>>> print(open('work-v3.pdb').read())   # PDB, C-alpha atoms
ATOM      1  CA  MET A   1      25.349  84.197   6.303  1.00  0.00           C
ATOM      2  CA  SER A   2      21.586  84.740   6.345  1.00  0.00           C
ATOM      3  CA  LYS A   3      19.489  83.388   9.158  1.00  0.00           C
ATOM      4  CA  ALA A   4      17.074  80.589   8.261  1.00  0.00           C
ATOM      5  CA  GLN A   5      13.503  81.847   8.139  1.00  0.00           C
ATOM      6  CA  PRO A   6      10.736  79.902   9.866  1.00  0.00           C
ATOM      7  CA  ALA A   7       8.095  78.270   7.696  1.00  0.00           C
ATOM      8  CA  GLN A   8       4.976  80.324   7.122  1.00  0.00           C
ATOM      9  CA  ASP A   9       1.377  79.221   6.904  1.00  0.00           C
ATOM     10  CA  LEU A  10      -2.042  80.609   7.730  1.00  0.00           C
ATOM     11  CA  LYS A  11      -1.439  80.470  11.478  1.00  0.00           C
ATOM     12  CA  HIS A  12       2.222  81.555  11.403  1.00  0.00           C
ATOM     13  CA  HIS A  13       2.672  84.399   8.935  1.00  0.00           C
ATOM     14  CA  ALA A  14       2.232  87.478  11.128  1.00  0.00           C
ATOM     15  CA  ARG A  15       5.480  88.885  12.405  1.00  0.00           C
ATOM     16  CA  LEU A  16       6.546  91.046  15.326  1.00  0.00           C
ATOM     17  CA  HIS A  17       9.524  93.336  15.026  1.00  0.00           C
ATOM     18  CA  LEU A  18      11.019  93.346  18.529  1.00  0.00           C
ATOM     19  CA  PRO A  19      12.472  96.905  18.562  1.00  0.00           C
ATOM     20  CA  PHE A  20       9.235  98.451  17.285  1.00  0.00           C
ATOM     21  CA  HIS A  21       6.404  96.299  18.587  1.00  0.00           C
ATOM     22  CA  ILE A  22       7.805  95.353  21.969  1.00  0.00           C
ATOM     23  CA  VAL A  23      10.578  97.718  23.072  1.00  0.00           C
ATOM     24  CA  SER A  24       9.247 101.035  21.750  1.00  0.00           C
ATOM     25  CA  PHE A  25       5.613 100.371  22.587  1.00  0.00           C
ATOM     26  CA  SER A  26       6.525  99.175  26.091  1.00  0.00           C
ATOM     27  CA  ALA A  27       8.630 102.288  26.674  1.00  0.00           C
ATOM     28  CA  LEU A  28       5.713 104.506  25.622  1.00  0.00           C
ATOM     29  CA  VAL A  29       3.286 102.675  27.936  1.00  0.00           C
ATOM     30  CA  VAL A  30       5.694 102.843  30.879  1.00  0.00           C
ATOM     31  CA  ASN A  31       6.319 106.536  30.185  1.00  0.00           C
ATOM     32  CA  LEU A  32       2.569 107.195  30.176  1.00  0.00           C
ATOM     33  CA  GLY A  33       2.211 105.287  33.452  1.00  0.00           C
ATOM     34  CA  PHE A  34       4.948 107.340  35.099  1.00  0.00           C
ATOM     35  CA  ALA A  35       3.454 110.583  33.775  1.00  0.00           C
ATOM     36  CA  ILE A  36       0.028 109.697  35.165  1.00  0.00           C
ATOM     37  CA  ALA A  37       1.493 108.635  38.531  1.00  0.00           C
ATOM     38  CA  TYR A  38       3.548 111.841  38.737  1.00  0.00           C
ATOM     39  CA  CYS A  39       0.491 113.893  37.850  1.00  0.00           C
ATOM     40  CA  ILE A  40      -1.559 112.218  40.586  1.00  0.00           C
ATOM     41  CA  LEU A  41       1.158 112.656  43.224  1.00  0.00           C
ATOM     42  CA  HIS A  42       2.302 116.151  42.188  1.00  0.00           C
ATOM     43  CA  PHE A  43      -0.575 117.734  40.341  1.00  0.00           C
ATOM     44  CA  SER A  44       0.295 120.912  38.461  1.00  0.00           C
ATOM     45  CA  ARG A  45      -0.097 122.301  34.972  1.00  0.00           C
ATOM     46  CA  TRP A  46       3.315 120.908  34.155  1.00  0.00           C
ATOM     47  CA  SER A  47       2.486 117.369  35.303  1.00  0.00           C
ATOM     48  CA  ALA A  48      -0.831 117.483  33.425  1.00  0.00           C
ATOM     49  CA  TRP A  49       1.058 118.658  30.333  1.00  0.00           C
ATOM     50  CA  LEU A  50       3.415 115.681  30.651  1.00  0.00           C
ATOM     51  CA  VAL A  51       0.403 113.346  30.562  1.00  0.00           C
ATOM     52  CA  VAL A  52      -0.932 115.113  27.456  1.00  0.00           C
ATOM     53  CA  LEU A  53       2.466 114.797  25.742  1.00  0.00           C
ATOM     54  CA  SER A  54       2.771 111.150  26.765  1.00  0.00           C
ATOM     55  CA  VAL A  55      -0.598 110.421  25.166  1.00  0.00           C
ATOM     56  CA  ALA A  56       0.227 112.529  22.095  1.00  0.00           C
ATOM     57  CA  ILE A  57       3.394 110.516  21.428  1.00  0.00           C
ATOM     58  CA  PHE A  58       1.195 107.501  20.630  1.00  0.00           C
ATOM     59  CA  VAL A  59      -0.244 109.304  17.570  1.00  0.00           C
ATOM     60  CA  PRO A  60       2.987 109.457  15.527  1.00  0.00           C
ATOM     61  CA  PHE A  61       3.961 106.008  16.835  1.00  0.00           C
ATOM     62  CA  PHE A  62       0.857 104.450  15.262  1.00  0.00           C
ATOM     63  CA  LEU A  63       0.883 106.702  12.184  1.00  0.00           C
ATOM     64  CA  ILE A  64       4.462 105.700  11.374  1.00  0.00           C
ATOM     65  CA  ARG A  65       3.349 102.069  11.439  1.00  0.00           C
ATOM     66  CA  ILE A  66       0.239 102.729   9.348  1.00  0.00           C
ATOM     67  CA  TYR A  67       2.202 104.690   6.736  1.00  0.00           C
ATOM     68  CA  ALA A  68       4.836 101.964   6.409  1.00  0.00           C
ATOM     69  CA  LEU A  69       2.167  99.282   6.016  1.00  0.00           C
ATOM     70  CA  LYS A  70       0.355 101.337   3.371  1.00  0.00           C
ATOM     71  CA  VAL A  71       3.543 101.657   1.323  1.00  0.00           C
ATOM     72  CA  GLN A  72       4.159  97.916   1.648  1.00  0.00           C
ATOM     73  CA  ASP A  73       0.562  97.245   0.579  1.00  0.00           C
ATOM     74  CA  ARG A  74       1.014  99.396  -2.530  1.00  0.00           C
ATOM     75  CA  VAL A  75       4.203  97.563  -3.483  1.00  0.00           C
ATOM     76  CA  ILE A  76       2.572  94.176  -2.868  1.00  0.00           C
ATOM     77  CA  ARG A  77      -0.409  95.218  -5.010  1.00  0.00           C
ATOM     78  CA  LEU A  78       1.917  96.118  -7.890  1.00  0.00           C
ATOM     79  CA  GLU A  79       3.999  92.948  -7.502  1.00  0.00           C
ATOM     80  CA  GLU A  80       0.941  90.724  -7.462  1.00  0.00           C
ATOM     81  CA  ARG A  81      -0.639  92.373 -10.504  1.00  0.00           C
ATOM     82  CA  LEU A  82       2.587  91.876 -12.426  1.00  0.00           C
ATOM     83  CA  ARG A  83       2.944  88.289 -11.226  1.00  0.00           C
ATOM     84  CA  LEU A  84      -0.659  87.402 -12.079  1.00  0.00           C
ATOM     85  CA  GLN A  85      -0.380  89.052 -15.503  1.00  0.00           C
ATOM     86  CA  SER A  86       2.657  86.940 -16.287  1.00  0.00           C
ATOM     87  CA  LEU A  87       0.957  83.744 -15.060  1.00  0.00           C
ATOM     88  CA  ALA A  88      -2.610  84.251 -16.329  1.00  0.00           C
ATOM     89  CA  PRO A  89      -3.800  83.426 -19.843  1.00  0.00           C
ATOM     90  CA  ALA A  90      -3.933  86.486 -22.098  1.00  0.00           C
ATOM     91  CA  GLU A  91      -7.741  86.432 -22.391  1.00  0.00           C
ATOM     92  CA  TRP A  92      -8.117  86.625 -18.618  1.00  0.00           C
ATOM     93  CA  ARG A  93      -5.589  89.369 -17.818  1.00  0.00           C
ATOM     94  CA  GLY A  94      -8.105  92.200 -18.122  1.00  0.00           C
ATOM     95  CA  GLN A  95     -10.094  90.862 -15.193  1.00  0.00           C
ATOM     96  CA  LEU A  96      -7.104  91.192 -12.853  1.00  0.00           C
ATOM     97  CA  GLN A  97      -7.853  94.896 -12.418  1.00  0.00           C
ATOM     98  CA  GLN A  98     -11.042  93.922 -10.573  1.00  0.00           C
ATOM     99  CA  LEU A  99      -9.087  92.407  -7.687  1.00  0.00           C
ATOM    100  CA  THR A 100      -9.061  94.664  -4.635  1.00  0.00           C
ATOM    101  CA  GLU A 101      -5.959  95.640  -2.708  1.00  0.00           C
ATOM    102  CA  ASP A 102      -6.955  93.313   0.142  1.00  0.00           C
ATOM    103  CA  GLN A 103      -7.426  90.412  -2.260  1.00  0.00           C
ATOM    104  CA  LEU A 104      -4.067  91.009  -3.938  1.00  0.00           C
ATOM    105  CA  ILE A 105      -2.317  91.218  -0.576  1.00  0.00           C
ATOM    106  CA  ALA A 106      -3.750  87.829   0.406  1.00  0.00           C
ATOM    107  CA  LEU A 107      -2.922  86.291  -2.982  1.00  0.00           C
ATOM    108  CA  ARG A 108       0.784  87.021  -2.484  1.00  0.00           C
ATOM    109  CA  PHE A 109       0.962  83.908  -0.298  1.00  0.00           C
ATOM    110  CA  ALA A 110      -0.351  81.616  -3.053  1.00  0.00           C
ATOM    111  CA  SER A 111       2.235  79.672  -5.023  1.00  0.00           C
ATOM    112  CA  ASP A 112       2.588  80.346  -8.754  1.00  0.00           C
ATOM    113  CA  GLY A 113       0.850  77.058  -9.477  1.00  0.00           C
ATOM    114  CA  GLU A 114      -2.352  78.026  -7.710  1.00  0.00           C
ATOM    115  CA  ALA A 115      -2.347  81.835  -7.887  1.00  0.00           C
ATOM    116  CA  VAL A 116      -4.343  82.218 -11.107  1.00  0.00           C
ATOM    117  CA  ALA A 117      -7.014  79.669 -10.158  1.00  0.00           C
ATOM    118  CA  LEU A 118      -7.335  81.233  -6.720  1.00  0.00           C
ATOM    119  CA  ALA A 119      -7.543  84.729  -8.244  1.00  0.00           C
ATOM    120  CA  ARG A 120     -10.345  83.498 -10.508  1.00  0.00           C
ATOM    121  CA  GLN A 121     -12.180  82.004  -7.500  1.00  0.00           C
ATOM    122  CA  THR A 122     -11.634  85.260  -5.634  1.00  0.00           C
ATOM    123  CA  LEU A 123     -13.355  87.260  -8.356  1.00  0.00           C
ATOM    124  CA  GLU A 124     -16.194  84.783  -8.866  1.00  0.00           C
ATOM    125  CA  GLU A 125     -16.952  84.294  -5.181  1.00  0.00           C
ATOM    126  CA  LYS A 126     -15.853  87.746  -3.907  1.00  0.00           C
ATOM    127  CA  LEU A 127     -13.526  86.162  -1.354  1.00  0.00           C
ATOM    128  CA  THR A 128     -12.141  88.133   1.590  1.00  0.00           C
ATOM    129  CA  ARG A 129      -8.481  88.269   2.610  1.00  0.00           C
ATOM    130  CA  LYS A 130      -9.046  85.614   5.270  1.00  0.00           C
ATOM    131  CA  GLN A 131     -10.975  83.310   2.926  1.00  0.00           C
ATOM    132  CA  ILE A 132      -8.220  83.542   0.309  1.00  0.00           C
ATOM    133  CA  LYS A 133      -5.534  82.643   2.856  1.00  0.00           C
ATOM    134  CA  GLU A 134      -7.606  79.705   4.079  1.00  0.00           C
ATOM    135  CA  ARG A 135      -7.787  78.271   0.538  1.00  0.00           C
ATOM    136  CA  ILE A 136      -4.065  78.413  -0.169  1.00  0.00           C
ATOM    137  CA  GLN A 137      -2.646  74.899  -0.481  1.00  0.00           C
ATOM    138  CA  SER A 138       1.000  75.682  -1.202  1.00  0.00           C
ATOM    139  CA  TRP A 139       2.053  78.655   0.926  1.00  0.00           C
ATOM    140  CA  ARG A 140       4.566  81.093  -0.568  1.00  0.00           C
ATOM    141  CA  PRO A 141       6.249  82.841   2.365  1.00  0.00           C
ATOM    142  CA  ASP A 142       6.716  86.604   2.598  1.00  0.00           C
ATOM    143  CA  HIS A 143       9.654  87.219   4.928  1.00  0.00           C
ATOM    144  CA  TRP A 144      10.112  90.854   3.915  1.00  0.00           C
ATOM    145  CA  ARG A 145       6.952  92.308   5.406  1.00  0.00           C
ATOM    146  CA  VAL A 146       7.310  93.555   8.964  1.00  0.00           C
TER     147      VAL A 146
END
>>> encode(input="work-v3.pdb", output="structure tokens")
Amino acid sequence: MSKAQPAQDLKHHARLHLPFHIVSFSALVVNLGFAIAYCILHFSRWSAWLVVLSVAIFVPFFLIRIYALKVQDRVIRLEERLRLQSLAPAEWRGQLQQLTEDQLIALRFASDGEAVALARQTLEEKLTRKQIKERIQSWRPDHWRV
């Protein structure tokens, strides 16, 4: 049985993934704290190296997150272009290519009934991601993005 998803809107659509955002990040911060404390109390090349490694571990931690988000953004961009092409009038479909990745990502929250009109406004007024989200009347949740 699937768990009921909370309603999403402008103020409640960001999501934290407990194992990644809280547990892993906290463990890395605590590890860095211990490495620094050990280095201060027992300074040596080895203890300094532990601090360097503890800092270096943050690089792949953040890159893994950035890479995953970039892949999700590419998929969202494709999904939204396909959705807007199926919803938009034929004479307007060519203009959809002018929408930026950021604009398409924001438009994913717009319901089918308002997506085309909001996409048109986005192109005419050069709306930002935040401005697009603020104009959405009927929010279409995205529970898959982490």
>>> atom_distance(input="work-v3.pdb", atom1="CA of Ser138 in chain A", atom2="CA of Arg77 in chain A")
20.0 Å
>>> resolve_selection(input="work-v3.pdb", expression="the PyMOL selection byres ((chain A and resi 123) around 12)", output="PyMOL selection string")
chain A and resi 92+95-100+103-104+107+116-122+124-128+132
>>> atom_distance(input="work-v3.pdb", atom1="CA of Ala35 in chain A", atom2="CA of Ala48 in chain A")
8.1 Å
>>> resolve_selection(input="work-v3.pdb", expression="the PyMOL selection byres ((chain A and resi 141) around 7)", output="number ranges by chain")
A: 8, 109, 139-140, 142-143
>>> resolve_selection(input="work-v3.pdb", expression="the PyMOL selection byres ((chain A and resi 36) around 9)", output="ChimeraX atom specification")
/A:31-35,37-41,47-48,50-51,54
>>> write_last_selection(input="work-v3.pdb", atoms="C-alpha atoms", output="PDB file, in the coordinates of the input")
ATOM      1  CA  ASN A  31       6.319 106.536  30.185  1.00  0.00           C
ATOM      2  CA  LEU A  32       2.569 107.195  30.176  1.00  0.00           C
ATOM      3  CA  GLY A  33       2.211 105.287  33.452  1.00  0.00           C
ATOM      4  CA  PHE A  34       4.948 107.340  35.099  1.00  0.00           C
ATOM      5  CA  ALA A  35       3.454 110.583  33.775  1.00  0.00           C
ATOM      6  CA  ALA A  37       1.493 108.635  38.531  1.00  0.00           C
ATOM      7  CA  TYR A  38       3.548 111.841  38.737  1.00  0.00           C
ATOM      8  CA  CYS A  39       0.491 113.893  37.850  1.00  0.00           C
ATOM      9  CA  ILE A  40      -1.559 112.218  40.586  1.00  0.00           C
ATOM     10  CA  LEU A  41       1.158 112.656  43.224  1.00  0.00           C
ATOM     11  CA  SER A  47       2.486 117.369  35.303  1.00  0.00           C
ATOM     12  CA  ALA A  48      -0.831 117.483  33.425  1.00  0.00           C
ATOM     13  CA  LEU A  50       3.415 115.681  30.651  1.00  0.00           C
ATOM     14  CA  VAL A  51       0.403 113.346  30.562  1.00  0.00           C
ATOM     15  CA  SER A  54       2.771 111.150  26.765  1.00  0.00           C
TER      16      SER A  54
END
>>> atom_distance(input="work-v3.pdb", atom1="CA of Glu79 in chain A", atom2="CA of Glu114 in chain A")
16.2 Å
>>> decode(input="work-v3.pdb", residues="range 83-113 of chain A", atoms="N, CA and C atoms", output="compact mmCIF listing (two decimals), in the first residue's frame")
# COMPACT_ATOMS: atom_id res chain seq x y z
N ARG A 83 4.66 17.41 -22.90
CA ARG A 83 3.34 17.75 -22.36
C ARG A 83 2.80 19.03 -22.99
N LEU A 84 3.63 20.06 -23.08
CA LEU A 84 3.19 21.32 -23.66
C LEU A 84 2.89 21.19 -25.15
N GLN A 85 3.66 20.36 -25.85
CA GLN A 85 3.38 20.14 -27.28
C GLN A 85 2.03 19.46 -27.47
N SER A 86 1.69 18.56 -26.56
CA SER A 86 0.40 17.88 -26.70
C SER A 86 -0.76 18.78 -26.30
N LEU A 87 -0.51 19.76 -25.44
CA LEU A 87 -1.58 20.64 -24.96
C LEU A 87 -1.72 21.91 -25.80
N ALA A 88 -0.63 22.39 -26.37
CA ALA A 88 -0.64 23.69 -27.06
C ALA A 88 -1.24 23.57 -28.46
N PRO A 89 -1.83 24.66 -28.95
CA PRO A 89 -2.31 24.67 -30.33
C PRO A 89 -1.14 24.49 -31.30
N ALA A 90 -1.39 23.88 -32.42
CA ALA A 90 -0.33 23.55 -33.38
C ALA A 90 0.47 24.78 -33.81
N GLU A 91 -0.19 25.92 -33.99
CA GLU A 91 0.52 27.12 -34.46
C GLU A 91 1.45 27.70 -33.40
N TRP A 92 1.32 27.28 -32.18
CA TRP A 92 2.13 27.84 -31.10
C TRP A 92 3.25 26.91 -30.64
N ARG A 93 3.25 25.68 -31.12
CA ARG A 93 4.21 24.67 -30.65
C ARG A 93 5.66 25.03 -30.93
N GLY A 94 5.93 25.73 -32.00
CA GLY A 94 7.30 26.09 -32.34
C GLY A 94 7.94 27.01 -31.31
N GLN A 95 7.15 27.80 -30.64
CA GLN A 95 7.67 28.73 -29.64
C GLN A 95 8.10 28.03 -28.35
N LEU A 96 7.67 26.80 -28.15
CA LEU A 96 8.01 26.08 -26.92
C LEU A 96 9.51 25.87 -26.76
N GLN A 97 10.23 25.83 -27.88
CA GLN A 97 11.68 25.64 -27.81
C GLN A 97 12.39 26.83 -27.18
N GLN A 98 11.71 27.96 -27.08
CA GLN A 98 12.30 29.16 -26.49
C GLN A 98 12.28 29.13 -24.96
N LEU A 99 11.51 28.25 -24.39
CA LEU A 99 11.46 28.14 -22.93
C LEU A 99 12.78 27.59 -22.41
N THR A 100 13.31 28.20 -21.36
CA THR A 100 14.56 27.74 -20.78
C THR A 100 14.32 26.53 -19.89
N GLU A 101 15.40 25.88 -19.51
CA GLU A 101 15.30 24.73 -18.62
C GLU A 101 14.65 25.14 -17.29
N ASP A 102 15.08 26.25 -16.74
CA ASP A 102 14.49 26.74 -15.48
C ASP A 102 12.99 26.98 -15.61
N GLN A 103 12.58 27.56 -16.72
CA GLN A 103 11.16 27.84 -16.93
C GLN A 103 10.36 26.54 -17.05
N LEU A 104 10.90 25.58 -17.78
CA LEU A 104 10.21 24.30 -17.94
C LEU A 104 10.10 23.56 -16.60
N ILE A 105 11.15 23.64 -15.80
CA ILE A 105 11.14 22.97 -14.51
C ILE A 105 10.05 23.56 -13.62
N ALA A 106 9.88 24.87 -13.67
CA ALA A 106 8.82 25.52 -12.87
C ALA A 106 7.45 25.19 -13.43
N LEU A 107 7.33 25.11 -14.74
CA LEU A 107 6.02 24.85 -15.37
C LEU A 107 5.49 23.45 -15.06
N ARG A 108 6.35 22.55 -14.61
CA ARG A 108 5.88 21.18 -14.33
C ARG A 108 4.83 21.17 -13.24
N PHE A 109 4.79 22.20 -12.40
CA PHE A 109 3.82 22.27 -11.31
C PHE A 109 2.47 22.80 -11.76
N ALA A 110 2.39 23.36 -12.96
CA ALA A 110 1.13 23.92 -13.46
C ALA A 110 0.23 22.80 -13.97
N SER A 111 -1.04 22.90 -13.66
CA SER A 111 -2.00 21.89 -14.13
C SER A 111 -2.11 21.98 -15.66
N ASP A 112 -2.64 20.93 -16.27
CA ASP A 112 -2.81 20.92 -17.72
C ASP A 112 -3.67 22.08 -18.19
N GLY A 113 -4.65 22.46 -17.39
CA GLY A 113 -5.56 23.53 -17.77
C GLY A 113 -4.92 24.90 -17.85
